[in-house]
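Undergrad: Contents of work_5.json (JSON, C-alpha atoms) are given next:
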```json
[["chain", "number", "residue", "atom", "x", "y", "z"],
["A", 1413, "MET", "CA", 136.96, 55.63, -148.24],
["A", 1414, "THR", "CA", 140.40, 57.09, -147.84],
["A", 1415, "PHE", "CA", 141.63, 60.32, -146.35],
["A", 1416, "LEU", "CA", 143.75, 62.60, -148.51],
["A", 1417, "ARG", "CA", 147.37, 61.83, -147.70],
["A", 1418, "HIS", "CA", 150.39, 63.97, -148.36],
["A", 1419, "SER", "CA", 153.93, 62.87, -148.92],
["A", 1420, "ARG", "CA", 156.30, 63.45, -146.02],
["A", 1421, "TYR", "CA", 156.90, 67.18, -146.04],
["A", 1422, "SER", "CA", 159.71, 68.95, -144.28],
["A", 1423, "LEU", "CA", 161.05, 72.39, -145.00],
["A", 1424, "PRO", "CA", 164.65, 73.45, -144.44],
["A", 1425, "LYS", "CA", 165.02, 75.90, -141.62],
["A", 1426, "SER", "CA", 165.59, 78.69, -144.11],
["A", 1427, "GLN", "CA", 161.98, 78.28, -145.25],
["A", 1428, "VAL", "CA", 160.36, 77.86, -141.83],
["A", 1429, "THR", "CA", 158.59, 81.05, -140.79],
["A", 1430, "PRO", "CA", 161.03, 82.89, -138.50],
["A", 1431, "GLU", "CA", 160.03, 84.37, -135.19],
["A", 1432, "ALA", "CA", 160.49, 87.81, -136.69],
["A", 1433, "ALA", "CA", 157.54, 87.15, -139.00],
["A", 1434, "PHE", "CA", 155.36, 86.79, -135.95],
["A", 1435, "TRP", "CA", 156.73, 89.73, -134.07],
["A", 1436, "ASN", "CA", 157.66, 92.21, -136.78],
["A", 1437, "ARG", "CA", 157.34, 95.87, -136.12],
["A", 1438, "ARG", "CA", 154.26, 96.36, -138.25],
["A", 1439, "GLU", "CA", 152.33, 93.63, -136.42],
["A", 1440, "PHE", "CA", 153.51, 94.84, -133.05],
["A", 1441, "LEU", "CA", 152.25, 98.34, -133.72],
["A", 1442, "ARG", "CA", 148.98, 96.97, -135.00],
["A", 1443, "GLY", "CA", 148.64, 94.94, -131.81],
["A", 1444, "LEU", "CA", 149.13, 98.08, -129.74],
["A", 1445, "ALA", "CA", 146.46, 99.85, -131.76],
["A", 1446, "LEU", "CA", 144.03, 96.97, -131.23],
["A", 1447, "ALA", "CA", 144.76, 96.93, -127.53],
["A", 1448, "ALA", "CA", 144.15, 100.67, -127.34],
["A", 1449, "ALA", "CA", 140.85, 100.25, -129.13],
["A", 1450, "ALA", "CA", 139.88, 97.47, -126.75],
["A", 1451, "ALA", "CA", 140.71, 99.62, -123.74],
["A", 1452, "ALA", "CA", 138.40, 102.31, -125.07],
["A", 1453, "LEU", "CA", 135.48, 99.87, -125.26],
["A", 1454, "PRO", "CA", 133.28, 98.98, -122.29],
["A", 1455, "ALA", "CA", 134.01, 95.62, -120.73],
["A", 1456, "CYS", "CA", 131.93, 92.82, -122.25],
["A", 1457, "ASN", "CA", 130.54, 90.78, -119.40],
["A", 1458, "SER", "CA", 126.98, 89.92, -120.40],
["A", 1459, "LYS", "CA", 125.40, 88.11, -123.32],
["A", 1460, "GLU", "CA", 123.63, 91.32, -124.25],
["A", 1461, "ASP", "CA", 126.98, 93.08, -124.60],
["A", 1462, "ILE", "CA", 128.66, 90.49, -126.79],
["A", 1463, "ALA", "CA", 125.68, 89.62, -128.96],
["A", 1464, "THR", "CA", 125.43, 93.14, -130.33],
["A", 1465, "GLU", "CA", 129.10, 93.62, -131.13],
["A", 1466, "PRO", "CA", 130.06, 93.37, -134.81],
["A", 1467, "THR", "CA", 132.03, 90.27, -135.73],
["A", 1468, "GLY", "CA", 133.74, 91.54, -138.85],
["A", 1469, "THR", "CA", 132.36, 89.72, -141.86],
["A", 1470, "ASP", "CA", 128.63, 89.83, -142.55],
["A", 1471, "LEU", "CA", 127.03, 86.60, -143.74],
["A", 1472, "PRO", "CA", 123.85, 86.21, -145.83],
["A", 1473, "PRO", "CA", 120.87, 84.88, -143.84],
["A", 1474, "ARG", "CA", 120.70, 81.11, -143.37],
["A", 1475, "PRO", "CA", 118.01, 78.94, -141.71],
["A", 1476, "SER", "CA", 120.37, 78.09, -138.85],
["A", 1477, "ASP", "CA", 120.68, 81.78, -137.95],
["A", 1478, "THR", "CA", 117.51, 81.37, -135.90],
["A", 1479, "LEU", "CA", 119.48, 79.18, -133.45],
["A", 1480, "TYR", "CA", 121.39, 82.23, -132.18],
["A", 1481, "PRO", "CA", 122.02, 83.49, -129.58],
["A", 1482, "PRO", "CA", 122.22, 80.24, -127.60],
["A", 1483, "THR", "CA", 122.19, 79.65, -123.86],
["A", 1484, "ARG", "CA", 125.52, 80.08, -122.11],
["A", 1485, "ASN", "CA", 127.02, 77.10, -120.30],
["A", 1486, "ASP", "CA", 128.47, 78.60, -117.12],
["A", 1487, "LYS", "CA", 130.48, 75.50, -116.27],
["A", 1488, "TYR", "CA", 133.46, 76.97, -118.10],
["A", 1489, "LYS", "CA", 135.16, 80.04, -116.67],
["A", 1490, "ALA", "CA", 138.07, 82.20, -117.74],
["A", 1491, "GLY", "CA", 139.01, 83.25, -114.22],
["A", 1492, "ASP", "CA", 139.58, 86.98, -113.92],
["A", 1493, "ARG", "CA", 140.22, 87.36, -117.64],
["A", 1494, "LYS", "CA", 137.90, 89.73, -119.48],
["A", 1495, "LEU", "CA", 136.33, 88.91, -122.81],
["A", 1496, "THR", "CA", 138.28, 90.10, -125.80],
["A", 1497, "PRO", "CA", 136.11, 92.60, -127.73],
["A", 1498, "ALA", "CA", 134.73, 91.09, -130.94],
["A", 1499, "THR", "CA", 136.15, 93.97, -132.94],
["A", 1500, "VAL", "CA", 139.64, 92.98, -131.79],
["A", 1501, "ALA", "CA", 139.26, 89.19, -132.00],
["A", 1502, "GLY", "CA", 137.66, 89.49, -135.44],
["A", 1503, "HIS", "CA", 140.65, 91.30, -136.93],
["A", 1504, "TYR", "CA", 143.56, 89.40, -135.38],
["A", 1505, "ASN", "CA", 143.37, 86.00, -137.00],
["A", 1506, "ASN", "CA", 145.76, 83.35, -138.25],
["A", 1507, "PHE", "CA", 144.34, 81.76, -141.39],
["A", 1508, "TYR", "CA", 147.27, 81.13, -143.72],
["A", 1509, "GLU", "CA", 144.94, 79.85, -146.43],
["A", 1510, "PHE", "CA", 144.28, 83.53, -147.07],
["A", 1511, "THR", "CA", 147.29, 85.46, -145.79],
["A", 1512, "THR", "CA", 149.93, 85.61, -143.06],
["A", 1513, "ASP", "CA", 148.81, 89.19, -142.30],
["A", 1514, "LYS", "CA", 146.46, 88.82, -139.33],
["A", 1515, "ALA", "CA", 144.67, 92.11, -139.91],
["A", 1516, "ASP", "CA", 143.90, 91.29, -143.55],
["A", 1517, "VAL", "CA", 142.39, 87.85, -142.99],
["A", 1518, "ALA", "CA", 138.83, 89.16, -142.53],
["A", 1519, "ARG", "CA", 138.88, 90.96, -145.88],
["A", 1520, "LEU", "CA", 140.37, 88.08, -147.86],
["A", 1521, "ALA", "CA", 138.32, 85.37, -146.15],
["A", 1522, "SER", "CA", 135.12, 87.16, -147.18],
["A", 1523, "LYS", "CA", 135.63, 85.62, -150.64],
["A", 1524, "LEU", "CA", 135.12, 82.06, -149.34],
["A", 1525, "THR", "CA", 131.83, 80.44, -150.38],
["A", 1526, "ILE", "CA", 130.33, 78.64, -147.36],
["A", 1527, "ASP", "CA", 126.76, 78.01, -148.49],
["A", 1528, "PRO", "CA", 126.20, 75.20, -149.30],
["A", 1529, "TRP", "CA", 128.79, 73.36, -147.21],
["A", 1530, "THR", "CA", 129.13, 69.58, -146.93],
["A", 1531, "ILE", "CA", 131.19, 67.53, -144.48],
["A", 1532, "GLU", "CA", 132.30, 64.01, -145.37],
["A", 1533, "ILE", "CA", 132.62, 61.41, -142.59],
["A", 1534, "GLY", "CA", 134.58, 58.24, -143.25],
["A", 1535, "GLY", "CA", 137.24, 55.82, -142.13],
["A", 1536, "LEU", "CA", 136.47, 53.40, -139.31],
["A", 1537, "VAL", "CA", 132.76, 54.11, -138.92],
["A", 1538, "GLN", "CA", 129.76, 51.83, -139.29],
["A", 1539, "ASN", "CA", 128.39, 53.79, -142.24],
["A", 1540, "PRO", "CA", 130.35, 56.55, -144.01],
["A", 1541, "PHE", "CA", 128.14, 59.49, -144.89],
["A", 1542, "GLN", "CA", 128.01, 63.11, -145.92],
["A", 1543, "ILE", "CA", 126.04, 65.81, -144.16],
["A", 1544, "GLY", "CA", 125.28, 69.40, -145.04],
["A", 1545, "PHE", "CA", 126.09, 72.10, -142.53],
["A", 1546, "GLU", "CA", 122.46, 73.18, -142.12],
["A", 1547, "ASP", "CA", 121.43, 69.61, -141.31],
["A", 1548, "LEU", "CA", 124.34, 69.10, -138.93],
["A", 1549, "VAL", "CA", 123.86, 72.25, -136.87],
["A", 1550, "LYS", "CA", 120.21, 71.38, -136.17],
["A", 1551, "LYS", "CA", 121.01, 67.94, -134.76],
["A", 1552, "PHE", "CA", 122.47, 69.16, -131.48],
["A", 1553, "PRO", "CA", 121.49, 71.96, -129.08],
["A", 1554, "LEU", "CA", 123.92, 74.85, -129.38],
["A", 1555, "GLU", "CA", 125.52, 76.37, -126.31],
["A", 1556, "GLU", "CA", 127.90, 79.22, -125.60],
["A", 1557, "ARG", "CA", 131.19, 78.60, -123.79],
["A", 1558, "ILE", "CA", 133.68, 81.23, -122.76],
["A", 1559, "TYR", "CA", 137.14, 79.82, -123.40],
["A", 1560, "ARG", "CA", 140.69, 81.07, -123.19],
["A", 1561, "MET", "CA", 142.46, 80.64, -126.54],
["A", 1562, "ARG", "CA", 146.24, 80.45, -126.59],
["A", 1563, "CYS", "CA", 148.27, 80.79, -129.79],
["A", 1564, "VAL", "CA", 151.67, 79.15, -130.15],
["A", 1565, "GLU", "CA", 152.97, 82.64, -131.00],
["A", 1566, "ALA", "CA", 152.50, 83.57, -127.31],
["A", 1567, "TRP", "CA", 149.39, 85.74, -127.63],
["A", 1568, "SER", "CA", 145.94, 84.93, -126.34],
["A", 1569, "MET", "CA", 142.32, 86.00, -126.21],
["A", 1570, "VAL", "CA", 139.13, 85.11, -124.32],
["A", 1571, "VAL", "CA", 136.07, 84.60, -126.48],
["A", 1572, "PRO", "CA", 132.55, 83.14, -126.26],
["A", 1573, "TRP", "CA", 132.41, 80.29, -128.76],
["A", 1574, "VAL", "CA", 129.11, 78.71, -129.80],
["A", 1575, "GLY", "CA", 128.73, 75.06, -130.70],
["A", 1576, "PHE", "CA", 128.13, 71.59, -129.32],
["A", 1577, "PRO", "CA", 130.37, 68.95, -127.69],
["A", 1578, "PHE", "CA", 132.33, 67.08, -130.33],
["A", 1579, "ARG", "CA", 131.69, 63.84, -128.43],
["A", 1580, "LYS", "CA", 128.04, 64.12, -129.50],
["A", 1581, "PHE", "CA", 129.16, 64.31, -133.09],
["A", 1582, "VAL", "CA", 131.35, 61.23, -132.53],
["A", 1583, "GLU", "CA", 128.29, 59.35, -131.28],
["A", 1584, "LEU", "CA", 126.47, 60.32, -134.46],
["A", 1585, "CYS", "CA", 129.36, 58.95, -136.54],
["A", 1586, "GLN", "CA", 129.35, 55.55, -134.75],
["A", 1587, "PRO", "CA", 133.10, 54.81, -134.96],
["A", 1588, "LEU", "CA", 134.31, 51.22, -134.76],
["A", 1589, "LEU", "CA", 136.17, 49.98, -131.70],
["A", 1590, "SER", "CA", 139.37, 49.96, -133.72],
["A", 1591, "ALA", "CA", 139.24, 53.76, -134.16],
["A", 1592, "LYS", "CA", 141.84, 55.46, -131.94],
["A", 1593, "TYR", "CA", 142.27, 58.85, -133.62],
["A", 1594, "VAL", "CA", 140.27, 61.43, -135.52],
["A", 1595, "ARG", "CA", 141.73, 63.39, -138.40],
["A", 1596, "PHE", "CA", 140.39, 66.51, -140.05],
["A", 1597, "LEU", "CA", 140.74, 68.08, -143.45],
["A", 1598, "SER", "CA", 140.00, 71.70, -144.27],
["A", 1599, "PHE", "CA", 138.85, 73.10, -147.60],
["A", 1600, "HIS", "CA", 141.08, 73.49, -150.65],
["A", 1601, "ARG", "CA", 139.94, 76.26, -153.00],
["A", 1602, "PRO", "CA", 142.89, 78.23, -154.36],
["A", 1603, "GLN", "CA", 140.52, 80.19, -156.58],
["A", 1604, "GLU", "CA", 138.97, 81.68, -153.42],
["A", 1605, "ALA", "CA", 141.82, 81.43, -150.91],
["A", 1606, "VAL", "CA", 144.82, 83.31, -152.27],
["A", 1607, "GLY", "CA", 147.18, 81.90, -149.66],
["A", 1608, "GLN", "CA", 146.66, 78.42, -151.07],
["A", 1609, "ARG", "CA", 148.17, 79.54, -154.36],
["A", 1610, "GLU", "CA", 151.59, 80.00, -152.78],
["A", 1611, "ALA", "CA", 154.18, 77.24, -152.65],
["A", 1612, "GLY", "CA", 155.72, 76.18, -149.37],
["A", 1613, "TYR", "CA", 152.65, 74.78, -147.59],
["A", 1614, "PRO", "CA", 151.08, 71.33, -148.18],
["A", 1615, "TRP", "CA", 147.47, 72.45, -148.62],
["A", 1616, "PRO", "CA", 144.78, 71.59, -147.69],
["A", 1617, "TYR", "CA", 145.22, 71.94, -143.93],
["A", 1618, "TYR", "CA", 145.07, 68.67, -141.99],
["A", 1619, "GLU", "CA", 145.05, 67.96, -138.26],
["A", 1620, "GLY", "CA", 144.37, 65.14, -135.82],
["A", 1621, "LEU", "CA", 143.46, 64.27, -132.25],
["A", 1622, "ARG", "CA", 143.46, 61.15, -130.15],
["A", 1623, "LEU", "CA", 139.91, 59.86, -129.80],
["A", 1624, "ASP", "CA", 139.97, 60.40, -126.03],
["A", 1625, "GLU", "CA", 140.97, 64.04, -126.63],
["A", 1626, "ALA", "CA", 138.29, 64.48, -129.28],
["A", 1627, "THR", "CA", 135.60, 63.16, -126.92],
["A", 1628, "ASN", "CA", 136.76, 65.18, -123.93],
["A", 1629, "ASP", "CA", 134.00, 67.45, -122.66],
["A", 1630, "LEU", "CA", 135.97, 70.59, -123.56],
["A", 1631, "THR", "CA", 136.36, 69.80, -127.27],
["A", 1632, "LEU", "CA", 133.79, 71.90, -129.09],
["A", 1633, "MET", "CA", 132.42, 71.56, -132.60],
["A", 1634, "THR", "CA", 132.14, 75.28, -133.19],
["A", 1635, "THR", "CA", 129.62, 77.10, -135.38],
["A", 1636, "GLY", "CA", 129.50, 80.56, -133.83],
["A", 1637, "ILE", "CA", 131.14, 83.25, -131.73],
["A", 1638, "TYR", "CA", 129.85, 86.27, -129.81],
["A", 1639, "GLY", "CA", 126.30, 84.96, -130.00],
["A", 1640, "LYS", "CA", 126.29, 84.83, -133.81],
["A", 1641, "PRO", "CA", 127.30, 82.41, -136.58],
["A", 1642, "LEU", "CA", 131.06, 82.18, -137.21],
["A", 1643, "PRO", "CA", 132.46, 84.91, -139.45],
["A", 1644, "LYS", "CA", 134.62, 83.54, -142.23],
["A", 1645, "GLN", "CA", 137.88, 84.76, -140.69],
["A", 1646, "HIS", "CA", 137.17, 82.54, -137.65],
["A", 1647, "GLY", "CA", 136.75, 79.39, -139.76],
["A", 1648, "ALA", "CA", 133.12, 79.42, -140.92],
["A", 1649, "PRO", "CA", 130.93, 77.58, -141.16],
["A", 1650, "VAL", "CA", 132.34, 74.96, -138.78],
["A", 1651, "ARG", "CA", 135.64, 74.50, -136.96],
["A", 1652, "LEU", "CA", 137.03, 72.76, -133.90],
["A", 1653, "ILE", "CA", 138.06, 74.36, -130.62],
["A", 1654, "VAL", "CA", 140.40, 72.41, -128.33],
["A", 1655, "PRO", "CA", 141.12, 75.02, -125.64],
["A", 1656, "TRP", "CA", 143.94, 73.26, -123.77],
["A", 1657, "LYS", "CA", 146.02, 73.03, -126.94],
["A", 1658, "TYR", "CA", 147.66, 75.70, -129.07],
["A", 1659, "GLY", "CA", 145.25, 77.27, -131.51],
["A", 1660, "TYR", "CA", 146.53, 75.54, -134.64],
["A", 1661, "LYS", "CA", 145.16, 72.24, -133.27],
["A", 1662, "GLY", "CA", 141.67, 73.56, -134.02],
["A", 1663, "PRO", "CA", 141.14, 73.10, -137.78],
["A", 1664, "LYS", "CA", 138.95, 75.67, -139.53],
["A", 1665, "SER", "CA", 136.35, 75.36, -142.30],
["A", 1666, "ILE", "CA", 136.28, 71.55, -142.03],
["A", 1667, "VAL", "CA", 135.18, 69.47, -145.03],
["A", 1668, "LYS", "CA", 136.23, 65.95, -144.00],
["A", 1669, "ILE", "CA", 136.49, 63.98, -140.75],
["A", 1670, "GLU", "CA", 137.88, 60.46, -140.61],
["A", 1671, "PHE", "CA", 138.32, 57.92, -137.82],
["A", 1672, "VAL", "CA", 141.57, 55.95, -137.99],
["A", 1673, "THR", "CA", 143.71, 53.47, -136.06],
["A", 1674, "GLU", "CA", 147.14, 55.07, -136.43],
["A", 1675, "GLN", "CA", 148.22, 58.52, -135.29],
["A", 1676, "PRO", "CA", 147.51, 60.84, -138.23],
["A", 1677, "ARG", "CA", 149.97, 63.36, -139.52],
["A", 1678, "SER", "CA", 149.36, 67.03, -138.92],
["A", 1679, "PHE", "CA", 150.16, 70.12, -140.96],
["A", 1680, "TRP", "CA", 152.60, 71.96, -138.69],
["A", 1681, "ASN", "CA", 154.21, 68.83, -137.33],
["A", 1682, "ASP", "CA", 155.02, 67.81, -140.91],
["A", 1683, "LEU", "CA", 156.44, 71.25, -141.70],
["A", 1684, "ALA", "CA", 158.60, 71.61, -138.58],
["A", 1685, "PRO", "CA", 158.48, 68.54, -136.30],
["A", 1686, "ASP", "CA", 161.09, 70.01, -133.95],
["A", 1687, "GLU", "CA", 158.84, 73.01, -133.30],
["A", 1688, "TYR", "CA", 155.26, 71.66, -133.40],
["A", 1689, "SER", "CA", 154.44, 68.37, -131.72],
["A", 1690, "PHE", "CA", 151.39, 66.26, -132.47],
["A", 1691, "LEU", "CA", 150.01, 66.79, -128.95],
["A", 1692, "SER", "CA", 150.79, 70.54, -128.74],
["A", 1693, "ASN", "CA", 149.35, 70.98, -125.26],
["A", 1694, "VAL", "CA", 149.80, 74.46, -123.79],
["A", 1695, "ASP", "CA", 152.70, 74.23, -121.35],
["A", 1696, "PRO", "CA", 154.60, 77.23, -119.94],
["A", 1697, "ASP", "CA", 157.49, 74.93, -118.99],
["A", 1698, "VAL", "CA", 158.10, 73.72, -122.54],
["A", 1699, "PRO", "CA", 159.49, 76.57, -124.67],
["A", 1700, "HIS", "CA", 159.12, 76.81, -128.39],
["A", 1701, "PRO", "CA", 162.63, 76.40, -129.86],
["A", 1702, "ARG", "CA", 162.62, 80.08, -130.82],
["A", 1703, "TRP", "CA", 160.78, 81.74, -127.92],
["A", 1704, "SER", "CA", 159.50, 81.19, -124.40],
["A", 1705, "GLN", "CA", 155.97, 79.97, -123.70],
["A", 1706, "ALA", "CA", 156.05, 81.07, -120.07],
["A", 1707, "THR", "CA", 153.97, 84.20, -120.72],
["A", 1708, "GLU", "CA", 151.47, 85.44, -123.28],
["A", 1709, "ARG", "CA", 150.14, 88.76, -124.55],
["A", 1710, "ASP", "CA", 146.39, 89.30, -124.13],
["A", 1711, "ILE", "CA", 145.36, 90.96, -127.40],
["A", 1712, "GLY", "CA", 142.37, 92.58, -125.73],
["A", 1713, "THR", "CA", 144.32, 94.41, -123.04],
["A", 1714, "GLY", "CA", 147.86, 94.34, -124.38],
["A", 1715, "LEU", "CA", 149.06, 92.98, -121.03],
["A", 1716, "ARG", "CA", 151.61, 90.19, -120.75],
["A", 1717, "ILE", "CA", 150.41, 87.52, -118.33],
["A", 1718, "PRO", "CA", 151.65, 84.13, -117.10],
["A", 1719, "THR", "CA", 150.67, 81.13, -119.20],
["A", 1720, "LEU", "CA", 148.81, 78.36, -117.39],
["A", 1721, "LYS", "CA", 149.44, 74.63, -117.75],
["A", 1722, "TYR", "CA", 146.94, 73.20, -120.24],
["A", 1723, "ASN", "CA", 145.81, 76.80, -120.68],
["A", 1724, "GLY", "CA", 144.15, 76.63, -117.26],
["A", 1725, "TYR", "CA", 142.06, 73.51, -118.00],
["A", 1726, "SER", "CA", 144.03, 70.95, -115.96],
["A", 1727, "GLU", "CA", 140.97, 69.83, -114.02],
["A", 1728, "PHE", "CA", 139.36, 68.68, -117.26],
["A", 1729, "VAL", "CA", 142.28, 67.16, -119.15],
["A", 1730, "GLN", "CA", 145.23, 66.28, -116.90],
["A", 1731, "SER", "CA", 143.97, 62.69, -116.55],
["A", 1732, "LEU", "CA", 144.42, 62.26, -120.32],
["A", 1733, "TYR", "CA", 148.19, 62.50, -119.94],
["A", 1734, "THR", "CA", 148.93, 60.67, -116.69]]
```
Would you give me this structure, written as structure tokens?

TA:
Amino acid sequence: MTFLRHSRYSLPKSQVTPEAAFWNRREFLRGLALAAAAAALPACNSKEDIATEPTGTDLPPRPSDTLYPPTRNDKYKAGDRKLTPATVAGHYNNFYEFTTDKADVARLASKLTIDPWTIEIGGLVQNPFQIGFEDLVKKFPLEERIYRMRCVEAWSMVVPWVGFPFRKFVELCQPLLSAKYVRFLSFHRPQEAVGQREAGYPWPYYEGLRLDEATNDLTLMTTGIYGKPLPKQHGAPVRLIVPWKYGYKGPKSIVKIEFVTEQPRSFWNDLAPDEYSFLSNVDPDVPHPRWSQATERDIGTGLRIPTLKYNGYSEFVQSLYT
């Protein structure tokens, strides 16, 4: 079983998205409006608060809906950061498969069909297999984890993801000893995802992790947020969260997972290798070629705050890189 491979893809700098596209006036004003709306909302500090907040895109009932809300795992803290209101986090999303306009992702992503959904597992495993989402999500107890999420564009949020440790999924897959990396493939449906109809990006989205990163306790196979199943704009029905890395290292709407020996290629590293490394660990001391990573803008409060090494998760991951 082989993983879909793309030819080496590199855009000239004239076609790489400029910093201005991230920080244009329209988006900046929208960010201020979202921050103002967040400030007007009561702080979300309890499960009762977050579970009742709307998440943007309504989903039809599914059997797995009965698994929500899950128990919160209090091992993971966000320090003094407050939760980003769901109404803000649900309408400030990067999902280029649909659009580069963050505020319009929720509307366009609503067209994606996610039921049924099948994930294919292959590569260096004892027995390749396929599994439906409903069968997968019932195999492991779900838990809620409050994580900081840092985007490479120097904005951030704090949200309560729901899922299960990816290492448990790896155990289910039974990789061979020769497997050193895991690579992921997202969906490809241009008829439903209008962004995939545009030239300039090598769809479908593909990403990869070292196996030791994938099995780190922080890495979360994610099926929900704010005590409910994932809305489509957040990568429903299943995505990956790797909180010490920039957000694009967490592939959304996954359809294929493969265990391999060699370092896999990744979407943004192929597009602009001088700007997006394979590791892509959050590091305030390593600037993006076009902007500083020393600080970030909290989209819930609008405040600019210092960025933390490994996004504040050094105690969990620093040993991976020493």

Undergrad: Compile a residue-level contact table for segment 1526-1619 of chain A against segment 1468-1489 of chain A at a cut-off of 12 Å, reporting for every qualifying residue the shortest atom pair and its distance in Å to one decimal, with all atoms listed in the file counted, rows ordered by chain and ascending number, as a Markdown table.

TA:
```
| residue | atom | partner | partner_atom | distance |
| --- | --- | --- | --- | --- |
| A:Ile1526 | CA | A:Leu1471 | CA | 9.3 |
| A:Asp1527 | CA | A:Arg1474 | CA | 8.5 |
| A:Pro1528 | CA | A:Arg1474 | CA | 10.0 |
| A:Trp1529 | CA | A:Arg1474 | CA | 11.8 |
| A:Gly1544 | CA | A:Ser1476 | CA | 11.7 |
| A:Phe1545 | CA | A:Ser1476 | CA | 9.1 |
| A:Glu1546 | CA | A:Ser1476 | CA | 6.3 |
| A:Asp1547 | CA | A:Ser1476 | CA | 8.9 |
| A:Leu1548 | CA | A:Ser1476 | CA | 9.8 |
| A:Val1549 | CA | A:Ser1476 | CA | 7.1 |
| A:Lys1550 | CA | A:Ser1476 | CA | 7.2 |
| A:Lys1551 | CA | A:Ser1476 | CA | 11.0 |
| A:Phe1552 | CA | A:Leu1479 | CA | 10.6 |
| A:Pro1553 | CA | A:Pro1482 | CA | 8.4 |
| A:Leu1554 | CA | A:Pro1482 | CA | 5.9 |
| A:Glu1555 | CA | A:Pro1482 | CA | 5.2 |
| A:Glu1556 | CA | A:Arg1484 | CA | 4.3 |
| A:Arg1557 | CA | A:Asn1485 | CA | 5.6 |
| A:Ile1558 | CA | A:Tyr1488 | CA | 6.3 |
| A:Tyr1559 | CA | A:Lys1489 | CA | 7.0 |
| A:Arg1560 | CA | A:Lys1489 | CA | 8.6 |
| A:Val1570 | CA | A:Lys1489 | CA | 10.0 |
| A:Val1571 | CA | A:Lys1489 | CA | 10.9 |
| A:Pro1572 | CA | A:Arg1484 | CA | 8.7 |
| A:Trp1573 | CA | A:Arg1484 | CA | 9.6 |
| A:Val1574 | CA | A:Pro1482 | CA | 7.4 |
| A:Gly1575 | CA | A:Pro1482 | CA | 8.9 |
| A:Phe1576 | CA | A:Pro1482 | CA | 10.6 |
| A:Pro1577 | CA | A:Asn1485 | CA | 11.5 |
```

Undergrad: Any idea what the distance is between atom CA of Thr1713 of chain A and atom CA of Phe1728 of chain A?

TA: 26.8 Å

Undergrad: What is the distance, in Å and to one decimal place, between atom CA of Leu1597 of chain A and atom CA of Gly1724 of chain A?

TA: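 Interatomic distance, atom CA of Leu1597 of chain A to atom CA of Gly1724 of chain A: 27.8 Å.
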
Undergrad: Can you tell me how far atom CA of Tyr1508 of chain A sits from atom CA of Gly1607 of chain A, in Å to one decimal?

TA: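 Spanning atom CA of Tyr1508 of chain A to atom CA of Gly1607 of chain A is a straight-line distance of 6.0 Å.
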
Undergrad: May I have the residues at most 10 Å from (137.6, 86.2, -154.4) in the file's coordinates, counting all atoms listed in the file, as a list of chain:residue names?

TA: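 So the residues meeting the distance criterion are A:Arg1519, A:Leu1520, A:Ala1521, A:Ser1522, A:Lys1523, A:Leu1524, A:Thr1525, A:Pro1602, A:Gln1603, A:Glu1604, A:Ala1605, A:Val1606.
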
Undergrad: For Thr1627 of chain A, which residue out of A:Ala1684, A:Val1582, A:Val1537, A:Leu1588 is the nearest one, using all atoms listed in the file?

TA: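 Going through A:Ala1684, A:Val1582, A:Val1537, A:Leu1588 one by one, the smallest distance to Thr1627 of chain A is for A:Val1582.
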
Undergrad: Would you pick out the contacts of segment 1697-1703 of chain A at 7 Å or less, using all atoms listed in the file, so that residues sharing its chain but fewer than 2 positions from it are not included, and give the list as a short mmCIF file (atom, residue, chain, number, x, y, z; two decimals) with C-alpha atoms, keeping the file's coordinate frame?

TA:
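Output file around_28.cif is given in full below:
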```cif
data_model
loop_
_atom_site.label_atom_id
_atom_site.label_comp_id
_atom_site.auth_asym_id
_atom_site.auth_seq_id
_atom_site.Cartn_x
_atom_site.Cartn_y
_atom_site.Cartn_z
CA GLU A 1431 160.03 84.37 -135.19
CA GLU A 1687 158.84 73.01 -133.30
CA ASP A 1695 152.70 74.23 -121.35
CA GLN A 1705 155.97 79.97 -123.70
CA ALA A 1706 156.05 81.07 -120.07
#
```

Undergrad: Just want the 12 Å neighbourhood of Glu1509 of chain A, counted on only C-alpha atoms, with same-chain residues fewer than 5 positions away dropped. Output as a PyMOL selection string.

TA: chain A and resi 1514+1516-1518+1520-1521+1523-1524+1598-1617+1644-1645+1647+1663-1665

Undergrad: Padding 4 Å on each side, edges along x, y and z: where is the centre of the box around the listed atoms of segment 1652-1662 of chain A, and how long are its edges in Å to one decimal? Output it as AutoDock Vina command-line options.

TA:
```
--center_x 142.3 --center_y 74.8 --center_z -129.2 --size_x 18.6 --size_y 13.0 --size_z 18.9
```
